[in-house]
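Colleague: Coordinates in protein.txt, compact mmCIF, C-alpha atoms, are listed below.
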# COMPACT_ATOMS: atom_id res chain seq x y z
CA MET A 1 -6.55 -25.98 13.17
CA THR A 2 -7.31 -26.30 16.89
CA GLN A 3 -6.18 -24.15 19.77
CA ASP A 4 -3.62 -26.78 20.66
CA ASP A 5 -2.07 -26.39 17.23
CA ASP A 6 -1.94 -22.61 17.26
CA PRO A 7 -2.77 -20.85 20.55
CA LEU A 8 -1.04 -17.71 19.31
CA GLY A 9 -3.36 -17.59 16.31
CA VAL A 10 -6.43 -18.07 18.50
CA LEU A 11 -5.33 -15.21 20.77
CA LEU A 12 -4.72 -12.88 17.86
CA ALA A 13 -8.03 -13.72 16.19
CA ALA A 14 -9.93 -13.02 19.40
CA ARG A 15 -8.74 -9.42 19.59
CA PRO A 16 -11.17 -6.74 18.43
CA GLY A 17 -10.57 -5.19 15.02
CA GLU A 18 -9.90 -1.56 14.28
CA ASP A 19 -12.75 0.69 13.30
CA ASP A 20 -12.84 3.83 11.27
CA PRO A 21 -13.21 6.89 13.43
CA ALA A 22 -16.82 8.00 13.28
CA PRO A 23 -17.16 10.79 10.74
CA GLU A 24 -18.12 14.08 12.30
CA SER A 25 -21.19 15.84 11.06
CA GLU A 26 -20.38 18.80 8.89
CA SER A 27 -22.77 21.70 9.05
CA GLN A 28 -23.14 24.55 6.57
CA ASP A 29 -20.67 22.96 4.20
CA LEU A 30 -17.87 23.54 6.70
CA VAL A 31 -15.03 21.08 6.68
CA LYS A 32 -12.92 20.67 9.79
CA LEU A 33 -9.27 20.34 8.90
CA VAL A 34 -6.16 19.73 10.97
CA VAL A 35 -3.38 21.91 9.55
CA PHE A 36 0.23 20.93 10.13
CA ALA A 37 3.70 21.82 8.93
CA LEU A 38 6.29 19.78 7.10
CA GLY A 39 9.25 22.08 6.70
CA GLU A 40 8.02 25.38 5.31
CA GLN A 41 4.94 23.87 3.68
CA ARG A 42 1.49 23.49 5.15
CA PHE A 43 -0.73 20.47 4.76
CA ALA A 44 -4.08 19.42 6.16
CA LEU A 45 -6.07 16.29 6.81
CA PRO A 46 -9.82 16.09 7.41
CA GLY A 47 -10.55 16.33 11.11
CA ALA A 48 -12.95 13.42 10.76
CA ARG A 49 -9.94 11.23 9.99
CA ILE A 50 -7.89 12.34 12.99
CA ALA A 51 -8.82 10.56 16.17
CA GLU A 52 -6.23 12.30 18.30
CA ILE A 53 -3.24 14.63 18.23
CA LEU A 54 -0.52 13.07 20.35
CA PRO A 55 2.66 14.64 21.66
CA LEU A 56 5.78 13.13 20.20
CA VAL A 57 6.71 10.02 22.16
CA PRO A 58 9.60 7.63 21.52
CA ILE A 59 8.93 5.65 18.36
CA HIS A 60 10.23 2.09 18.57
CA PRO A 61 11.71 0.90 15.29
CA VAL A 62 10.80 -2.46 13.80
CA PRO A 63 13.47 -3.85 11.48
CA GLY A 64 12.61 -4.77 7.92
CA CYS A 65 10.32 -1.80 7.30
CA PRO A 66 10.64 0.92 4.64
CA PRO A 67 12.07 4.25 5.86
CA ALA A 68 8.66 5.94 5.97
CA LEU A 69 7.47 3.43 8.56
CA GLU A 70 9.40 4.67 11.56
CA GLY A 71 8.16 2.12 14.06
CA VAL A 72 5.43 1.60 16.62
CA ILE A 73 4.07 3.31 19.69
CA SER A 74 1.65 2.27 22.39
CA VAL A 75 -1.45 4.42 22.70
CA ARG A 76 -3.12 3.50 25.98
CA GLY A 77 -2.16 -0.13 25.53
CA GLU A 78 -2.91 -0.40 21.81
CA ILE A 79 0.04 -0.68 19.46
CA THR A 80 -0.04 1.43 16.32
CA SER A 81 2.41 2.05 13.52
CA VAL A 82 3.92 5.50 12.92
CA LEU A 83 4.61 6.84 9.44
CA CYS A 84 6.89 9.80 8.80
CA LEU A 85 4.62 11.88 6.61
CA ALA A 86 7.49 13.90 5.13
CA THR A 87 9.25 10.76 3.94
CA LEU A 88 5.97 9.37 2.64
CA LEU A 89 5.46 12.51 0.54
CA GLY A 90 8.98 12.37 -0.84
CA ARG A 91 10.04 15.47 1.01
CA PRO A 92 13.49 15.97 2.58
CA THR A 93 14.08 13.60 5.44
CA PRO A 94 13.36 15.51 8.62
CA ALA A 95 15.68 15.60 11.59
CA PRO A 96 15.49 12.66 13.97
CA ALA A 97 12.19 12.59 15.80
CA THR A 98 13.03 14.92 18.66
CA ARG A 99 10.16 17.32 18.17
CA GLY A 100 6.81 17.31 16.49
CA ALA A 101 3.52 15.59 16.96
CA ILE A 102 1.81 12.38 15.99
CA LEU A 103 -1.60 12.48 14.36
CA LEU A 104 -3.54 9.32 15.10
CA ALA A 105 -5.36 8.88 11.82
CA GLY A 106 -7.80 6.33 10.49
CA ALA A 107 -9.17 5.34 7.10
CA ARG A 108 -10.33 2.08 5.56
CA GLU A 109 -10.18 0.20 8.85
CA ILE A 110 -6.52 1.18 9.13
CA THR A 111 -5.26 3.30 11.99
CA SER A 112 -1.75 4.67 12.07
CA GLY A 113 0.19 7.47 13.62
CA LEU A 114 1.53 10.13 11.26
CA ARG A 115 4.57 12.05 12.47
CA VAL A 116 4.48 15.71 11.49
CA GLU A 117 6.81 18.54 12.46
CA ARG A 118 4.17 20.77 14.00
CA VAL A 119 0.42 21.03 14.28
CA VAL A 120 -0.44 24.57 13.25
CA ASP A 121 -4.19 24.83 13.70
CA VAL A 122 -7.56 23.16 13.53
CA VAL A 123 -9.79 25.15 11.19
CA ASP A 124 -13.29 25.07 9.74
CA ILE A 125 -13.16 25.84 6.04
CA ALA A 126 -16.14 26.31 3.76
CA GLY A 127 -16.19 23.63 1.09
CA HIS A 128 -16.26 26.23 -1.70
CA ASP A 129 -13.01 27.74 -0.39
CA ILE A 130 -11.18 24.51 -1.13
CA LEU A 131 -9.94 24.72 -4.70
CA GLU A 132 -8.75 22.17 -7.19
CA PRO A 133 -5.05 21.33 -6.75
CA PRO A 134 -2.88 23.34 -9.16
CA PRO A 135 -1.38 21.38 -12.04
CA THR A 136 2.08 22.51 -10.95
CA LEU A 137 2.16 20.18 -7.94
CA PRO A 138 4.86 17.51 -8.08
CA SER A 139 3.32 14.25 -9.25
CA MET A 140 3.83 12.44 -5.96
CA LEU A 141 2.01 15.22 -4.12
CA ALA A 142 -0.66 15.70 -6.79
CA ARG A 143 -1.68 12.08 -6.44
CA VAL A 144 -2.61 12.46 -2.78
CA THR A 145 -3.87 16.05 -2.77
CA THR A 146 -7.62 16.61 -2.98
CA GLY A 147 -7.57 20.41 -2.88
CA VAL A 148 -5.87 23.55 -1.65
CA PHE A 149 -6.96 26.55 0.37
CA THR A 150 -5.38 29.65 1.79
CA ALA A 151 -5.02 30.30 5.51
CA LYS A 152 -3.17 33.25 7.00
CA GLY A 153 -1.67 33.99 3.62
CA ARG A 154 -0.26 30.52 3.11
CA THR A 155 -1.36 27.81 0.74
CA VAL A 156 -2.41 24.59 2.44
CA ALA A 157 -2.67 21.29 0.58
CA VAL A 158 -5.45 18.97 1.73
CA LEU A 159 -4.28 15.35 1.69
CA ASP A 160 -6.25 12.21 0.94
CA LEU A 161 -5.47 9.90 3.84
CA GLU A 162 -7.06 6.89 2.21
CA ARG A 163 -4.90 7.32 -0.88
CA LEU A 164 -1.79 7.71 1.28
CA PHE A 165 -2.52 4.44 3.06
CA ILE A 166 -3.43 2.57 -0.12
CA ASP A 167 -0.33 3.76 -1.96
CA PHE A 168 1.87 2.87 0.98
CA MET A 169 0.45 -0.63 1.17
CA LYS A 170 0.61 -1.13 -2.61
CA GLU A 171 4.31 -0.43 -2.67
CA SER A 172 4.71 -3.84 -1.07
CA ALA A 173 3.83 -5.44 -4.38
CA MET B 174 -15.32 -35.81 24.09
CA GLU B 175 -17.76 -32.91 24.43
CA ASN B 176 -15.44 -31.26 26.98
CA GLN B 177 -12.46 -31.65 24.68
CA LYS B 178 -14.35 -29.94 21.88
CA THR B 179 -15.25 -27.01 24.11
CA GLN B 180 -11.66 -26.64 25.29
CA SER B 181 -10.24 -26.54 21.79
CA THR B 182 -12.39 -23.52 20.83
CA THR B 183 -11.90 -21.51 24.04
CA THR B 184 -9.64 -18.50 23.73
CA PRO B 185 -6.60 -18.95 25.97
CA LEU B 186 -6.02 -16.27 28.59
CA GLY B 187 -2.38 -15.94 27.78
CA ILE B 188 0.67 -17.54 26.34
CA ASP B 189 4.17 -18.36 27.56
CA LEU B 190 6.81 -16.49 25.64
CA LEU B 191 10.57 -16.84 25.81
CA SER B 192 11.98 -13.37 25.30
CA PHE B 193 15.50 -12.56 24.17
CA HIS B 194 17.42 -9.88 22.29
CA ALA B 195 19.11 -9.52 18.93
CA ASN B 196 20.81 -6.32 17.80
CA ARG B 197 19.51 -4.79 21.05
CA LEU B 198 15.91 -5.31 19.98
CA GLY B 199 13.43 -7.45 21.88
CA PHE B 200 12.11 -10.66 20.34
CA ALA B 201 10.14 -13.63 21.64
CA LEU B 202 9.18 -17.15 20.68
CA GLU B 203 6.44 -19.35 22.02
CA ARG B 204 7.84 -21.31 24.94
CA ARG B 205 6.38 -24.58 23.73
CA ARG B 206 8.48 -24.40 20.58
CA VAL B 207 11.74 -24.16 22.53
CA ILE B 208 13.12 -27.57 23.42
CA ALA B 209 16.18 -26.36 25.30
CA LEU B 210 18.08 -23.29 26.42
CA GLU B 211 21.80 -24.01 26.29
CA PRO B 212 25.11 -22.22 26.75
CA ALA B 213 26.27 -20.74 23.48
CA ASP B 214 29.14 -23.19 23.04
CA SER B 215 28.77 -23.83 19.38
CA THR B 216 29.82 -21.32 16.76
CA ARG B 217 28.05 -23.50 14.22
CA ALA B 218 24.70 -22.19 15.37
CA PRO B 219 23.67 -19.12 13.40
CA HIS B 220 22.78 -16.01 15.31
CA ILE B 221 19.09 -15.23 14.99
CA ALA B 222 20.03 -11.78 13.66
CA GLU B 223 21.40 -13.53 10.56
CA LEU B 224 18.24 -15.54 10.07
CA LEU B 225 16.14 -12.42 10.50
CA ARG B 226 18.37 -10.57 8.02
CA LEU B 227 18.85 -7.73 10.45
CA SER B 228 20.86 -5.10 8.66
CA SER B 229 23.77 -4.98 11.06
CA THR B 230 25.25 -7.53 13.41
CA THR B 231 27.73 -5.09 14.87
CA ASP B 232 25.52 -4.80 17.92
CA GLU B 233 25.75 -8.52 18.55
CA ARG B 234 26.71 -9.10 22.14
CA PRO B 235 29.89 -10.96 23.17
CA ALA B 236 29.62 -14.73 23.35
CA GLN B 237 29.47 -14.76 27.16
CA HIS B 238 26.20 -12.83 26.91
CA GLN B 239 24.65 -15.20 24.42
CA ARG B 240 22.67 -18.40 24.78
CA GLN B 241 21.59 -21.03 22.35
CA LEU B 242 18.01 -22.12 21.75
CA LEU B 243 17.06 -25.50 20.39
CA LEU B 244 13.84 -25.02 18.47
CA ALA B 245 11.43 -27.72 17.40
CA HIS B 246 9.86 -27.98 13.98
CA PRO B 247 8.34 -30.85 11.98
CA ALA B 248 11.10 -30.28 9.43
CA GLY B 249 13.77 -30.77 12.10
CA ALA B 250 15.44 -29.04 15.01
CA LEU B 251 17.36 -25.81 14.75
CA ARG B 252 19.88 -24.25 17.07
CA VAL B 253 20.13 -20.47 17.08
CA ARG B 254 22.16 -18.10 19.18
CA VAL B 255 20.39 -15.22 20.86
CA ASP B 256 21.51 -12.37 23.12
CA GLU B 257 20.74 -11.96 26.80
CA PRO B 258 18.74 -10.97 28.72
CA ILE B 259 16.47 -13.95 28.28
CA SER B 260 13.27 -14.38 30.22
CA LEU B 261 10.22 -16.59 30.31
CA ASP B 262 6.99 -14.69 30.81
CA ARG B 263 3.31 -15.43 30.81
CA VAL B 264 1.88 -12.78 28.48
CA GLN B 265 -1.79 -12.02 28.97
CA ALA B 266 -4.05 -11.94 25.92
CA GLY B 267 -4.53 -8.17 26.26
CA ASP B 268 -0.80 -7.58 26.02
CA LEU B 269 -0.47 -9.47 22.78
CA HIS B 270 -1.21 -7.49 19.62
CA PRO B 271 -1.65 -8.35 15.97
CA LEU B 272 0.67 -6.43 13.68
CA PRO B 273 -0.73 -2.99 12.81
CA PRO B 274 -2.07 -3.21 9.22
CA LEU B 275 0.57 -1.00 7.59
CA LEU B 276 3.33 -2.86 9.38
CA ALA B 277 1.86 -6.20 8.36
CA ALA B 278 1.73 -5.03 4.74
CA ARG B 279 5.25 -3.65 4.51
CA SER B 280 7.43 -5.48 7.03
CA ARG B 281 10.02 -7.75 5.49
CA LEU B 282 11.13 -9.17 8.81
CA PRO B 283 10.91 -12.95 8.51
CA TRP B 284 8.72 -14.80 10.98
CA LEU B 285 7.22 -11.64 12.51
CA ARG B 286 3.66 -12.44 13.55
CA ALA B 287 2.66 -10.31 16.53
CA LEU B 288 3.84 -7.73 19.02
CA ALA B 289 3.85 -7.82 22.79
CA TRP B 290 4.60 -4.82 24.96
CA LYS B 291 6.92 -4.82 27.98
CA ASN B 292 7.75 -1.09 28.26
CA THR B 293 9.13 -1.50 24.76
CA PRO B 294 7.78 -3.65 21.95
CA VAL B 295 8.70 -7.30 21.79
CA MET B 296 8.52 -8.81 18.32
CA VAL B 297 6.84 -12.21 18.54
CA LEU B 298 8.31 -14.55 15.97
CA ASP B 299 6.54 -17.57 14.59
CA PRO B 300 8.72 -19.55 12.18
CA TRP B 301 6.15 -22.34 12.26
CA HIS B 302 3.54 -20.06 10.70
CA ASP B 303 5.68 -19.06 7.74
CA ALA B 304 5.81 -21.83 5.16
CA GLY B 305 8.41 -19.96 3.13
CA TRP B 306 10.97 -19.98 5.87
CA THR B 307 11.87 -23.61 6.40
CA ASP B 308 15.27 -23.41 4.71
CA HIS B 309 17.19 -23.45 7.97
CA TRP B 310 15.29 -26.24 9.62
CA GLY B 311 16.74 -29.70 9.87
CA ARG B 312 20.33 -28.54 9.54
CA ASP B 313 21.12 -29.35 13.16
CA GLY B 314 22.09 -33.02 13.38
CA ARG B 315 22.73 -33.18 17.10
Output the file's structure in the form of structure tokens.
Modeller:
Amino acid sequence: MTQDDDPLGVLLAARPGEDDPAPESESQDLVKLVVFALGEQRFALPGARIAEILPLVPIHPVPGCPPALEGVISVRGEITSVLCLATLLGRPTPAPATRGAILLAGAREITSGLRVERVVDVVDIAGHDILEPPPTLPSMLARVTTGVFTAKGRTVAVLDLERLFIDFMKESA
Amino acid sequence: MENQKTQSTTTPLGIDLLSFHANRLGFALERRRVIALEPADSTRAPHIAELLRLSSTTDERPAQHQRQLLLAHPAGALRVRVDEPISLDRVQAGDLHPLPPLLAARSRLPWLRALAWKNTPVMVLDPWHDAGWTDHWGRDGR
């Protein structure tokens, strides 16, 4: 197919691809984690997977998408999708996106925003302080949880971003 | 001949898009695929919101704020109604974006191929790229 046949395709193919964020070096078995809240529960994602913590900006809906895919935003001229993490985890649907934050996260050459209710902290946790997930976790959460730890008296579930993305994409089948 | 070959592999700097609205959302089509922009005088033409299976047409604008596009396709021409405002813009390559991967994987919006950004996203439709969506083509006999 030549440019004359499909100039739109040529333009799209010429754009650079998305890259995984470069993993940060972890010293002394410390893992950097971004801790955030969904309702009363605390979750975390590896800091190496979070490129940026963005303030909540208007999310523009795209019709024909599942509820968890809330729409798109422009991040310095690049368009990225935004997932509602609560909906993705099968938790109660949060209030309309009037407050919160967007984690710009990347895994497997996929970058997407993740809307969370509140970013609580960025912590360094020793690897041995992250425990196996308890068997009592709901199945949907157990599937995407790699471990748990305690911070300020609260249990925090560490999520597997890659698994979240893969599962979300697989649901299209 | 050599020059022609070089031209066909050069990335264009931009593309002409005809932008319009449906259900208060911004959409666009490649200008070269639009044969004519007409007054919306025919109720026979489907509204593009129907073809895109948008969930609600209650936001459809009154007829005086609609226009009709005559679109070209090898399978035949198609008239569709769209909502104003309608504009023709040269969109630079840097303002044209492939669908984000998760959106590409899960969107069920027919014909959606790319996004442009004009303060808000504009969904670039490409019915000619989607072999499964030729049902409506060729129904316009005029």
Colleague: For chain B, report every residue with an atom at most 7 Å from chain A (counting all atoms listed in the file), formatted as a list in words.
Modeller: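 That gives the following set of residues: Ser181, Thr182, Thr184, Pro185, Leu227, Ala266, His270, Pro271, Pro273, Pro274, Leu275, Leu276, Ala278, Arg279, Ser280, Arg281 and Leu282 of chain B.
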Colleague: Grab the atom CA of B:Pro258 to atom CA of B:Gln241 distance for me, in Å with one decimal place.
Modeller: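 Distance reported for this atom pair: 12.2 Å.
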Colleague: Set the distance at 6 Å and use all atoms listed in the file: which residues neighbour A:Cys84 once local chain neighbours fewer than 6 positions away are removed? I'd like the list as a VMD selection string.
Modeller: chain A and resid 68 114 to 115
Colleague: Just give me the gap between atom CA of B:Ala222 and atom CA of B:Asn292 in Å, one decimal is fine.
Modeller: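 Between atom CA of B:Ala222 and atom CA of B:Asn292 the gap is 21.9 Å.
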Colleague: Name all residues at most 9 Å from B:Val297 (count all atoms listed in the file; drop same-chain ones fewer than 3 positions away) and give them as a list in words.
Modeller: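 Non-adjacent residues within range: Leu190, Ser192, Gly199, Phe200, Ala201, Leu202, Glu203, Leu269, Trp284, Leu285, Arg286, Ala287, Leu288 and Ala289 of chain B.
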Colleague: The selected residues should be written to file as a tab-separated table (two decimals), in the frame of the given file (atoms: C-alpha atoms).
Modeller:
chain	number	residue	atom	x	y	z
B	190	LEU	CA	6.81	-16.49	25.64
B	192	SER	CA	11.98	-13.37	25.30
B	199	GLY	CA	13.43	-7.45	21.88
B	200	PHE	CA	12.11	-10.66	20.34
B	201	ALA	CA	10.14	-13.63	21.64
B	202	LEU	CA	9.18	-17.15	20.68
B	203	GLU	CA	6.44	-19.35	22.02
B	269	LEU	CA	-0.47	-9.47	22.78
B	284	TRP	CA	8.72	-14.80	10.98
B	285	LEU	CA	7.22	-11.64	12.51
B	286	ARG	CA	3.66	-12.44	13.55
B	287	ALA	CA	2.66	-10.31	16.53
B	288	LEU	CA	3.84	-7.73	19.02
B	289	ALA	CA	3.85	-7.82	22.79
Colleague: Out of B:Leu225, B:Gly249, B:Asp268, B:His238, which residue has the shortest atom-to-atom distance to B:Ile208 when counting only C-alpha atoms?
Modeller: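 Comparing B:Leu225, B:Gly249, B:Asp268, B:His238 against B:Ile208, the winner is B:Gly249.
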Colleague: Residues at most 12 Å from stretch 138-153 of chain A, counting only C-alpha atoms, excluding those fewer than 4 positions away in the same chain, as a VMD selection string?
Modeller: chain A and resid 31 33 to 36 41 to 46 85 to 91 120 to 134 157 to 168
Colleague: Go ahead and save the picked residues with C-alpha atoms, as a compact mmCIF listing (two decimals), keeping the file's coordinate frame.
Modeller:
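After the write, selection_21.txt holds the following:
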# COMPACT_ATOMS: atom_id res chain seq x y z
CA VAL A 31 -15.03 21.08 6.68
CA LEU A 33 -9.27 20.34 8.90
CA VAL A 34 -6.16 19.73 10.97
CA VAL A 35 -3.38 21.91 9.55
CA PHE A 36 0.23 20.93 10.13
CA GLN A 41 4.94 23.87 3.68
CA ARG A 42 1.49 23.49 5.15
CA PHE A 43 -0.73 20.47 4.76
CA ALA A 44 -4.08 19.42 6.16
CA LEU A 45 -6.07 16.29 6.81
CA PRO A 46 -9.82 16.09 7.41
CA LEU A 85 4.62 11.88 6.61
CA ALA A 86 7.49 13.90 5.13
CA THR A 87 9.25 10.76 3.94
CA LEU A 88 5.97 9.37 2.64
CA LEU A 89 5.46 12.51 0.54
CA GLY A 90 8.98 12.37 -0.84
CA ARG A 91 10.04 15.47 1.01
CA VAL A 120 -0.44 24.57 13.25
CA ASP A 121 -4.19 24.83 13.70
CA VAL A 122 -7.56 23.16 13.53
CA VAL A 123 -9.79 25.15 11.19
CA ASP A 124 -13.29 25.07 9.74
CA ILE A 125 -13.16 25.84 6.04
CA ALA A 126 -16.14 26.31 3.76
CA GLY A 127 -16.19 23.63 1.09
CA HIS A 128 -16.26 26.23 -1.70
CA ASP A 129 -13.01 27.74 -0.39
CA ILE A 130 -11.18 24.51 -1.13
CA LEU A 131 -9.94 24.72 -4.70
CA GLU A 132 -8.75 22.17 -7.19
CA PRO A 133 -5.05 21.33 -6.75
CA PRO A 134 -2.88 23.34 -9.16
CA ALA A 157 -2.67 21.29 0.58
CA VAL A 158 -5.45 18.97 1.73
CA LEU A 159 -4.28 15.35 1.69
CA ASP A 160 -6.25 12.21 0.94
CA LEU A 161 -5.47 9.90 3.84
CA GLU A 162 -7.06 6.89 2.21
CA ARG A 163 -4.90 7.32 -0.88
CA LEU A 164 -1.79 7.71 1.28
CA PHE A 165 -2.52 4.44 3.06
CA ILE A 166 -3.43 2.57 -0.12
CA ASP A 167 -0.33 3.76 -1.96
CA PHE A 168 1.87 2.87 0.98
